[in-house]
file protein09.cif (mmCIF, C-alpha atoms (C1' of nucleotides))
data_model
loop_
_atom_site.label_atom_id
_atom_site.label_comp_id
_atom_site.auth_asym_id
_atom_site.auth_seq_id
_atom_site.Cartn_x
_atom_site.Cartn_y
_atom_site.Cartn_z
CA MET K 1 46.11 141.67 195.55
CA THR K 2 46.16 139.17 192.73
CA ILE K 3 48.91 137.36 194.54
CA GLN K 4 46.85 136.58 197.60
CA THR K 5 44.00 135.10 195.58
CA ASN K 6 45.83 131.80 195.50
CA ALA K 7 46.33 131.91 199.24
CA ILE K 8 42.64 132.51 199.86
CA ASP K 9 41.71 129.78 197.42
CA ARG K 10 44.01 127.35 199.14
CA LEU K 11 42.56 128.15 202.55
CA HIS K 12 39.02 127.78 201.26
CA GLU K 13 39.88 124.56 199.50
CA PHE K 14 41.00 122.98 202.76
CA GLY K 15 38.23 124.37 204.92
CA ILE K 16 40.38 126.82 206.83
CA LYS K 17 38.73 129.99 208.08
CA LEU K 18 40.25 133.18 206.78
CA SER K 19 42.15 135.82 208.68
CA LEU K 20 44.61 138.49 207.64
CA GLN K 21 47.42 136.60 209.31
CA ARG K 22 46.57 133.20 207.85
CA ILE K 23 46.30 134.64 204.36
CA ALA K 24 49.66 136.31 204.79
CA VAL K 25 51.34 133.13 206.01
CA MET K 26 49.85 131.02 203.24
CA ASN K 27 50.73 133.67 200.70
CA TYR K 28 54.31 133.66 201.92
CA LEU K 29 54.54 129.91 201.50
CA LEU K 30 53.01 130.03 198.03
CA ASN K 31 55.56 132.60 196.91
CA ASN K 32 58.70 131.33 198.61
CA TYR K 33 59.84 127.90 197.50
CA THR K 34 62.60 127.86 200.09
CA HIS K 35 60.89 125.50 202.54
CA PRO K 36 61.01 128.10 205.28
CA ALA K 37 60.91 127.53 209.02
CA ALA K 38 58.28 129.26 211.14
CA ASP K 39 60.83 131.84 212.18
CA THR K 40 61.69 132.60 208.57
CA VAL K 41 58.04 133.12 207.74
CA PHE K 42 57.69 135.45 210.69
CA ASN K 43 60.73 137.48 209.63
CA GLY K 44 59.35 137.75 206.12
CA LEU K 45 56.03 139.11 207.33
CA TYR K 46 56.30 141.12 210.52
CA ARG K 47 57.39 144.28 208.72
CA SER K 48 54.19 144.39 206.70
CA ILE K 49 52.06 143.21 209.65
CA PRO K 50 53.65 145.03 212.57
CA THR K 51 51.40 143.43 215.19
CA LEU K 52 52.13 139.92 213.99
CA SER K 53 53.07 137.49 216.72
CA LYS K 54 55.39 134.56 216.27
CA THR K 55 52.84 132.38 218.05
CA THR K 56 50.32 133.24 215.37
CA VAL K 57 52.69 132.04 212.70
CA TYR K 58 53.22 128.79 214.56
CA ASN K 59 49.47 128.42 215.06
CA ALA K 60 48.70 129.08 211.41
CA LEU K 61 51.31 126.65 210.14
CA LYS K 62 50.19 123.87 212.48
CA LEU K 63 46.59 124.49 211.40
CA PHE K 64 47.49 124.33 207.73
CA VAL K 65 49.29 121.04 208.27
CA LYS K 66 46.35 119.61 210.20
CA HIS K 67 44.04 120.43 207.29
CA GLY K 68 46.51 119.08 204.74
CA ALA K 69 46.96 122.46 203.08
CA VAL K 70 50.74 122.42 203.53
CA ILE K 71 53.36 119.78 204.27
CA GLU K 72 55.68 119.57 207.22
CA ILE K 73 59.27 118.68 206.34
CA THR K 74 61.32 117.17 209.16
CA ILE K 75 64.57 116.83 207.28
CA ASP K 76 66.49 119.27 209.47
CA ASP K 77 67.39 118.52 213.07
CA LYS K 78 67.16 122.21 213.93
CA ASN K 79 63.63 123.12 212.98
CA VAL K 80 60.55 122.11 211.06
CA ARG K 81 60.26 123.38 207.48
CA TYR K 82 57.04 124.01 205.61
CA ASP K 83 56.11 123.46 202.01
CA ALA K 84 52.99 124.62 200.19
CA ASP K 85 53.73 122.24 197.33
CA ILE K 86 51.59 119.26 198.24
CA MET K 87 52.27 117.24 195.11
CA GLN K 88 54.42 114.17 195.76
CA HIS K 89 58.08 115.05 195.56
CA ALA K 90 61.30 114.41 197.44
CA HIS K 91 63.58 116.86 199.20
CA PHE K 92 67.29 117.40 199.31
CA GLN K 93 69.11 119.24 202.07
CA CYS K 94 72.67 120.46 201.86
CA LYS K 95 74.59 119.51 204.97
CA THR K 96 76.71 122.63 204.70
CA CYS K 97 74.34 125.51 203.98
CA ASN K 98 71.13 123.76 205.11
CA CYS K 99 69.22 124.85 202.03
CA ILE K 100 66.46 122.51 200.89
CA TYR K 101 65.69 121.77 197.25
CA ASP K 102 62.81 119.92 195.67
CA VAL K 103 63.64 116.70 193.87
CA PRO K 104 61.15 115.34 191.35
CA ILE K 105 60.29 111.67 191.74
CA LYS K 106 58.21 109.20 189.85
CA LYS K 107 54.70 108.78 191.10
CA SER K 108 54.15 105.65 193.13
CA LYS K 109 57.71 105.69 194.33
CA LEU K 110 56.75 106.69 197.83
CA MET K 111 53.66 104.93 199.00
CA MET K 112 54.60 101.41 197.97
CA ILE K 113 56.14 99.28 200.63
CA LYS K 114 56.60 95.55 200.83
CA LYS K 115 53.99 94.93 203.45
CA THR K 116 52.05 97.52 205.37
CA GLY K 117 51.79 95.24 208.37
CA ASN K 118 49.58 96.67 211.04
CA LEU K 119 50.55 100.27 210.44
CA LYS K 120 48.13 102.84 209.10
CA ILE K 121 50.31 105.00 206.89
CA THR K 122 49.12 108.53 206.19
CA GLU K 123 52.25 110.22 204.85
CA SER K 124 55.51 109.26 203.22
CA HIS K 125 58.60 111.35 202.77
CA LEU K 126 61.74 110.79 200.77
CA TYR K 127 64.71 112.85 201.89
CA TYR K 128 68.17 113.15 200.43
CA LYS K 129 71.14 114.76 202.10
CA GLY K 130 74.50 115.77 200.78
CA TYR K 131 76.13 118.84 199.32
CA CYS K 132 74.66 121.38 196.96
CA GLU K 133 76.60 122.52 193.91
CA LYS K 134 77.86 125.71 195.53
CA CYS K 135 78.99 124.16 198.79
CA ASN K 136 80.51 121.16 197.04
CA LYS K 137 82.53 123.44 194.79
CA ASN K 138 83.71 125.53 197.70
CA SER K 139 84.84 122.52 199.68
CA LEU K 140 86.80 121.28 196.66
CA ASN K 141 88.45 124.66 196.40
CA ASN K 142 89.68 124.28 199.94
CA ILE K 143 91.38 121.00 199.13
CA LEU K 144 92.84 121.77 195.71
CA MET F 145 81.11 90.98 228.32
CA THR F 146 80.10 89.12 225.20
CA ILE F 147 77.50 91.77 224.58
CA GLN F 148 79.95 94.61 224.28
CA THR F 149 82.14 92.77 221.82
CA ASN F 150 79.88 93.89 219.00
CA ALA F 151 80.10 97.47 220.18
CA ILE F 152 83.89 97.38 220.23
CA ASP F 153 83.96 95.74 216.83
CA ARG F 154 81.67 98.38 215.40
CA LEU F 155 83.80 101.19 216.78
CA HIS F 156 86.97 99.61 215.42
CA GLU F 157 85.37 98.98 212.08
CA PHE F 158 84.64 102.67 211.64
CA GLY F 159 87.92 103.93 213.02
CA ILE F 160 86.53 105.32 216.24
CA LYS F 161 88.82 105.36 219.26
CA LEU F 162 87.55 103.42 222.22
CA SER F 163 86.43 104.72 225.58
CA LEU F 164 84.25 103.28 228.27
CA GLN F 165 81.52 105.78 227.47
CA ARG F 166 81.62 105.28 223.72
CA ILE F 167 81.45 101.52 224.10
CA ALA F 168 78.48 101.89 226.43
CA VAL F 169 76.62 104.20 224.05
CA MET F 170 77.28 101.98 221.05
CA ASN F 171 76.33 98.93 223.06
CA TYR F 172 73.07 100.57 224.04
CA LEU F 173 72.22 101.28 220.42
CA LEU F 174 73.10 97.76 219.34
CA ASN F 175 70.78 96.29 221.95
CA ASN F 176 67.86 98.71 221.77
CA TYR F 177 66.06 98.79 218.46
CA THR F 178 63.84 101.63 219.61
CA HIS F 179 65.63 104.40 217.70
CA PRO F 180 66.35 106.28 220.91
CA ALA F 181 67.05 109.96 221.33
CA ALA F 182 70.24 111.11 223.03
CA ASP F 183 68.31 111.70 226.22
CA THR F 184 66.93 108.17 226.16
CA VAL F 185 70.41 106.74 225.75
CA PHE F 186 71.60 108.82 228.67
CA ASN F 187 68.76 107.63 230.87
CA GLY F 188 69.50 104.05 229.95
CA LEU F 189 73.13 104.36 230.94
CA TYR F 190 73.73 106.81 233.74
CA ARG F 191 72.79 104.34 236.45
CA SER F 192 75.55 101.96 235.42
CA ILE F 193 78.00 104.80 234.69
CA PRO F 194 77.23 107.27 237.48
CA THR F 195 79.66 109.92 236.26
CA LEU F 196 78.25 109.90 232.74
CA SER F 197 77.49 113.33 231.35
CA LYS F 198 74.75 114.05 228.86
CA THR F 199 77.23 116.03 226.79
CA THR F 200 79.33 112.90 226.45
CA VAL F 201 76.36 111.02 225.04
CA TYR F 202 75.73 113.80 222.54
CA ASN F 203 79.42 113.87 221.61
CA ALA F 204 79.59 110.13 221.16
CA LEU F 205 76.47 109.98 218.99
CA LYS F 206 77.61 112.85 216.79
CA LEU F 207 80.98 111.18 216.42
CA PHE F 208 79.42 107.86 215.45
CA VAL F 209 77.32 109.57 212.83
CA LYS F 210 80.32 111.41 211.42
CA HIS F 211 82.13 108.12 210.99
CA GLY F 212 79.08 106.42 209.51
CA ALA F 213 78.83 103.92 212.36
CA VAL F 214 75.23 104.88 213.16
CA ILE F 215 72.45 106.68 211.33
CA GLU F 216 70.71 109.86 212.35
CA ILE F 217 66.92 109.76 211.95
CA THR F 218 65.24 113.16 211.63
CA ILE F 219 61.69 111.91 211.40
CA ASP F 220 60.55 113.55 214.64
CA ASP F 221 60.22 117.29 215.06
CA LYS F 222 61.12 117.02 218.73
CA ASN F 223 64.50 115.35 218.70
CA VAL F 224 67.00 113.41 216.67
CA ARG F 225 66.82 109.62 216.89
CA TYR F 226 69.70 107.23 216.39
CA ASP F 227 69.88 103.85 214.75
CA ALA F 228 72.75 101.36 214.79
CA ASP F 229 71.17 99.45 211.92
CA ILE F 230 73.02 100.88 208.95
CA MET F 231 71.47 98.61 206.34
CA GLN F 232 69.09 100.38 203.98
CA HIS F 233 65.60 100.44 205.45
CA ALA F 234 62.72 102.85 205.94
CA HIS F 235 61.17 104.12 209.13
CA PHE F 236 57.65 104.58 210.35
CA GLN F 237 56.64 106.91 213.16
CA CYS F 238 53.30 106.85 214.93
CA LYS F 239 51.89 110.35 215.18
CA THR F 240 50.19 109.48 218.47
CA CYS F 241 52.77 107.64 220.59
CA ASN F 242 55.85 108.75 218.61
CA CYS F 243 57.29 105.25 218.50
CA ILE F 244 59.45 104.48 215.48
CA TYR F 245 59.45 101.14 213.67
CA ASP F 246 61.69 99.78 210.96
CA VAL F 247 60.11 99.13 207.59
CA PRO F 248 61.89 96.80 205.19
CA ILE F 249 62.27 98.09 201.66
CA LYS F 250 63.62 96.73 198.44
CA LYS F 251 67.20 97.54 197.73
CA SER F 252 67.70 100.28 195.20
CA LYS F 253 64.46 101.92 196.20
CA LEU F 254 66.18 104.83 197.87
CA MET F 255 69.18 106.01 195.94
CA MET F 256 67.59 106.14 192.52
CA ILE F 257 66.25 109.48 191.47
CA LYS F 258 65.36 110.79 188.07
CA LYS F 259 68.29 113.13 187.69
CA THR F 260 70.88 113.93 190.27
CA GLY F 261 71.33 117.39 188.85
CA ASN F 262 74.17 119.19 190.52
CA LEU F 263 73.62 117.74 193.94
CA LYS F 264 76.08 115.40 195.58
CA ILE F 265 73.87 112.98 197.45
CA THR F 266 75.38 111.13 200.39
CA GLU F 267 72.31 109.81 202.22
CA SER F 268 68.72 108.99 201.49
CA HIS F 269 65.91 108.40 203.93
CA LEU F 270 62.41 107.10 203.46
CA TYR F 271 60.01 107.98 206.26
CA TYR F 272 56.41 106.98 206.79
CA LYS F 273 54.06 108.52 209.30
CA GLY F 274 50.67 107.43 210.52
CA TYR F 275 49.24 105.40 213.37
CA CYS F 276 50.59 102.21 214.87
CA GLU F 277 48.29 99.29 215.52
CA LYS F 278 47.79 100.07 219.18
CA CYS F 279 47.09 103.77 218.76
CA ASN F 280 44.90 103.19 215.74
CA LYS F 281 42.81 100.70 217.69
CA ASN F 282 42.48 103.01 220.65
CA SER F 283 41.35 105.92 218.51
CA LEU F 284 38.72 103.72 216.88
CA ASN F 285 37.49 102.71 220.32
CA ASN F 286 36.94 106.34 221.11
CA ILE F 287 34.71 106.78 218.09
CA LEU F 288 32.73 103.55 218.11
"C1'" DA B 289 107.78 105.04 236.81
"C1'" DA B 290 107.63 110.21 235.68
"C1'" DT B 291 106.51 113.66 232.43
"C1'" DC B 292 104.13 115.87 229.07
"C1'" DA B 293 100.82 116.65 225.29
"C1'" DA B 294 96.65 115.47 223.31
"C1'" DA B 295 92.21 113.71 223.63
"C1'" DT B 296 88.08 112.92 226.28
"C1'" DT B 297 84.82 113.72 229.75
"C1'" DT B 298 82.26 116.51 232.73
"C1'" DG B 299 79.21 120.20 234.49
"C1'" DT B 300 77.29 124.36 233.83
"C1'" DA B 301 75.57 127.95 231.22
"C1'" DA B 302 73.83 129.61 226.91
"C1'" DT B 303 71.10 129.15 222.85
"C1'" DT B 304 67.23 128.14 220.15
"C1'" DA B 305 62.82 126.16 218.64
"C1'" DT B 306 58.54 125.41 220.19
"C1'" DT B 307 54.55 125.37 223.28
"C1'" DA B 308 51.50 126.93 227.17
"C1'" DC B 309 48.63 130.12 228.65
"C1'" DA B 310 46.10 134.11 229.95
"C1'" DA B 311 44.66 138.55 228.37
"C1'" DT B 312 43.17 141.11 224.59
"C1'" DT B 313 41.04 141.78 220.24
"C1'" DA B 314 38.29 140.57 216.35
"C1'" DT B 315 34.37 138.13 214.27
"C1'" DA B 316 29.88 136.31 213.70
"C1'" DT B 317 25.37 135.70 215.11
"C1'" DA B 318 21.12 136.31 217.59
"C1'" DT C 319 23.72 146.24 220.12
"C1'" DA C 320 24.82 142.43 223.08
"C1'" DT C 321 26.98 138.25 223.46
"C1'" DA C 322 29.43 134.05 222.51
"C1'" DT C 323 33.13 132.18 219.99
"C1'" DA C 324 37.36 132.19 217.78
"C1'" DA C 325 41.83 134.20 216.76
"C1'" DT C 326 45.71 136.90 218.00
"C1'" DT C 327 49.11 138.59 220.94
"C1'" DG C 328 52.91 138.77 224.38
"C1'" DT C 329 55.21 136.67 227.81
"C1'" DA C 330 56.84 132.95 230.21
"C1'" DA C 331 57.96 128.11 230.31
"C1'" DT C 332 59.87 123.94 228.34
"C1'" DA C 333 63.02 121.08 226.14
"C1'" DA C 334 66.76 119.75 222.91
"C1'" DT C 335 71.11 120.84 221.79
"C1'" DT C 336 75.53 123.25 221.83
"C1'" DA C 337 79.42 126.07 223.74
"C1'" DC C 338 82.94 126.14 226.64
"C1'" DA C 339 86.23 125.82 230.23
"C1'" DA C 340 87.94 122.94 233.87
"C1'" DA C 341 89.14 118.40 235.21
"C1'" DT C 342 90.36 113.87 234.05
"C1'" DT C 343 92.13 110.23 231.34
"C1'" DT C 344 95.04 108.31 227.89
"C1'" DG C 345 99.19 107.43 225.26
"C1'" DA C 346 103.70 108.26 224.00
"C1'" DT C 347 108.32 109.21 225.24
"C1'" DT C 348 111.91 109.31 228.05
#
call {"tool": "encode", "arguments": {"input": "protein09.cif", "output": "structure tokens"}}
result
Amino acid sequence: MTIQTNAIDRLHEFGIKLSLQRIAVMNYLLNNYTHPAADTVFNGLYRSIPTLSKTTVYNALKLFVKHGAVIEITIDDKNVRYDADIMQHAHFQCKTCNCIYDVPIKKSKLMMIKKTGNLKITESHLYYKGYCEKCNKNSLNNIL
Amino acid sequence: MTIQTNAIDRLHEFGIKLSLQRIAVMNYLLNNYTHPAADTVFNGLYRSIPTLSKTTVYNALKLFVKHGAVIEITIDDKNVRYDADIMQHAHFQCKTCNCIYDVPIKKSKLMMIKKTGNLKITESHLYYKGYCEKCNKNSLNNIL
DNA sequence: AATCAAATTTGTAATTATTACAATTATATA
DNA sequence: TATATAATTGTAATAATTACAAATTTGATT
């Protein structure tokens, strides 16, 4: 299981106790850059872990977020998406197909604001919305 | 009804047909800078419009967004928030009390990204999360 | 004013994501 | 091994949102 080594490392790194299920969830996130929802993670795993419960997936993801091991993306009004890439980057979501892509950004672009005021800021997120290449092309086809 | 004049103007400006309900919803947004959810808008209005249906509020808000007359804020994993302030600005949400504040930002901070790639970007949102002054103070009190 | 079509509102039911919770199972430690 | 603690599981509850059909309103045309 070379693949799962990273997952175990990540869990250790953030002080999260190991379990078969948690390793599987983290491993899924580390190998699927699709910013999946909890349900998607569950569907990707329950065949190989037949006893897996959806609640466990929710629990694991919430735990990971609490420890800072993964990021919660609230770009979609339908569900929360998760991302194991914890380096600063922005996200783009297509309003047609709902897919989410990573968008590289310059460091320092996020955290700087004019005045922090009295707010204690712990996270910053930059989200773009619009149409991905495929969906944009298709919609043009409908018009032309 | 001096107050509602702005609401009517806003609806006209964005080519939205008028109705009592739509004017009321827009008026609510223009006078409540709390980034309310659909449910909050409904609760703020149904006493003065006894026949108001929650579906109507949802329909009106979706319509406003489609026409660009209000902005949809997907900062909260629980529900969508709405904002009649369509000038570029960022948002902050307190992770304890869930309140949302406006955060002023420099123009041009949002739309610029390194390379647009093949994505057609139509919106950009900058979200901060953390703890508001009140909640931050309270949590410190618990520790000290 | 009467008629008709189109648009809007309403109320209810359905859907879906997420959480609550209690029972079961696994883990770690004495 | 016994026991306490933590994690998992399954089901039920909650809550936001949407679907949809019936009723109402609006606007245009005569």
call {"tool": "closest_residue", "arguments": {"input": "protein09.cif", "among": "K:Thr74, K:Asn79, K:Asn136, K:Ser53", "to": "chain B", "atoms": "all atoms listed in the file"}}
result
K:Asn79
call {"tool": "atom_distance", "arguments": {"input": "protein09.cif", "atom1": "CA of Cys99 (chain K)", "atom2": "CA of Phe208 (chain F)"}}
result
23.9 Å
call {"tool": "interface_residues", "arguments": {"input": "protein09.cif", "of": "chain B", "to": "chain K", "cutoff": "9 Å", "atoms": "only C-alpha atoms (C1' of nucleotides)", "output": "VMD selection string"}}
result
chain B and resid 304 to 307
call {"tool": "closest_residue", "arguments": {"input": "protein09.cif", "among": "C:DT344, C:DA325, C:DA331, C:DT319", "to": "chain F", "atoms": "all atoms listed in the file"}}
result
C:DT344
call {"tool": "closest_residue", "arguments": {"input": "protein09.cif", "among": "K:Ala69, K:Leu20, K:Leu126, K:Leu30", "to": "chain F", "atoms": "all atoms listed in the file"}}
result
K:Leu126
call {"tool": "resolve_selection", "arguments": {"input": "protein09.cif", "expression": "the PyMOL selection byres ((chain C) within 12 of (chain K))", "output": "PyMOL selection string"}}
result
chain C and resi 324-329+334-336
call {"tool": "resolve_selection", "arguments": {"input": "protein09.cif", "expression": "the PyMOL selection byres ((chain K) within 6 of (chain F))", "output": "VMD selection string"}}
result
chain K and resid 74 to 75 77 118 to 133
call {"tool": "write_last_selection", "arguments": {"input": "protein09.cif", "atoms": "C-alpha atoms", "output": "PDB file, in the frame of the given file"}}
result
ATOM      1  CA  THR K  74      61.320 117.170 209.160  1.00  0.00           C
ATOM      2  CA  ILE K  75      64.570 116.830 207.280  1.00  0.00           C
ATOM      3  CA  ASP K  77      67.390 118.520 213.070  1.00  0.00           C
ATOM      4  CA  ASN K 118      49.580  96.670 211.040  1.00  0.00           C
ATOM      5  CA  LEU K 119      50.550 100.270 210.440  1.00  0.00           C
ATOM      6  CA  LYS K 120      48.130 102.840 209.100  1.00  0.00           C
ATOM      7  CA  ILE K 121      50.310 105.000 206.890  1.00  0.00           C
ATOM      8  CA  THR K 122      49.120 108.530 206.190  1.00  0.00           C
ATOM      9  CA  GLU K 123      52.250 110.220 204.850  1.00  0.00           C
ATOM     10  CA  SER K 124      55.510 109.260 203.220  1.00  0.00           C
ATOM     11  CA  HIS K 125      58.600 111.350 202.770  1.00  0.00           C
ATOM     12  CA  LEU K 126      61.740 110.790 200.770  1.00  0.00           C
ATOM     13  CA  TYR K 127      64.710 112.850 201.890  1.00  0.00           C
ATOM     14  CA  TYR K 128      68.170 113.150 200.430  1.00  0.00           C
ATOM     15  CA  LYS K 129      71.140 114.760 202.100  1.00  0.00           C
ATOM     16  CA  GLY K 130      74.500 115.770 200.780  1.00  0.00           C
ATOM     17  CA  TYR K 131      76.130 118.840 199.320  1.00  0.00           C
ATOM     18  CA  CYS K 132      74.660 121.380 196.960  1.00  0.00           C
ATOM     19  CA  GLU K 133      76.600 122.520 193.910  1.00  0.00           C
TER      20      GLU K 133
END
call {"tool": "atom_distance", "arguments": {"input": "protein09.cif", "atom1": "CA of Ile71 (chain K)", "atom2": "CA of Met231 (chain F)"}}
result
27.9 Å
call {"tool": "residues_around", "arguments": {"input": "protein09.cif", "residues": "DT343 (chain C)", "least_positions_apart": "2", "cutoff": "9 Å", "atoms": "only C-alpha atoms (C1' of nucleotides)", "output": "ChimeraX atom specification"}}
result
/B:295-297
call {"tool": "write_last_selection", "arguments": {"input": "protein09.cif", "atoms": "C-alpha atoms (C1' of nucleotides)", "output": "PDB file, keeping the file's coordinate frame"}}
result
ATOM      1  C1'  DA B 295      92.210 113.710 223.630  1.00  0.00           C
ATOM      2  C1'  DT B 296      88.080 112.920 226.280  1.00  0.00           C
ATOM      3  C1'  DT B 297      84.820 113.720 229.750  1.00  0.00           C
TER       4       DT B 297
END
call {"tool": "residues_around", "arguments": {"input": "protein09.cif", "residues": "DA346 (chain C)", "least_positions_apart": "5", "cutoff": "12 Å", "atoms": "only C-alpha atoms (C1' of nucleotides)", "output": "number ranges by chain"}}
result
B: 291-294
call {"tool": "atom_distance", "arguments": {"input": "protein09.cif", "atom1": "CA of Cys241 (chain F)", "atom2": "CA of Val41 (chain K)"}}
result
29.0 Å
call {"tool": "resolve_selection", "arguments": {"input": "protein09.cif", "expression": "the PyMOL selection byres ((chain K and resi 26) around 9)", "output": "compact mmCIF listing (two decimals) with C-alpha atoms, in the coordinates of the input"}}
result
# COMPACT_ATOMS: atom_id res chain seq x y z
CA GLN K 4 46.85 136.58 197.60
CA ASN K 6 45.83 131.80 195.50
CA ALA K 7 46.33 131.91 199.24
CA ILE K 8 42.64 132.51 199.86
CA ARG K 10 44.01 127.35 199.14
CA LEU K 11 42.56 128.15 202.55
CA GLN K 21 47.42 136.60 209.31
CA ARG K 22 46.57 133.20 207.85
CA ILE K 23 46.30 134.64 204.36
CA ALA K 24 49.66 136.31 204.79
CA VAL K 25 51.34 133.13 206.01
CA ASN K 27 50.73 133.67 200.70
CA TYR K 28 54.31 133.66 201.92
CA LEU K 29 54.54 129.91 201.50
CA LEU K 30 53.01 130.03 198.03
CA ASN K 31 55.56 132.60 196.91
CA ALA K 60 48.70 129.08 211.41
CA LEU K 61 51.31 126.65 210.14
CA PHE K 64 47.49 124.33 207.73
CA VAL K 70 50.74 122.42 203.53
CA ALA K 84 52.99 124.62 200.19
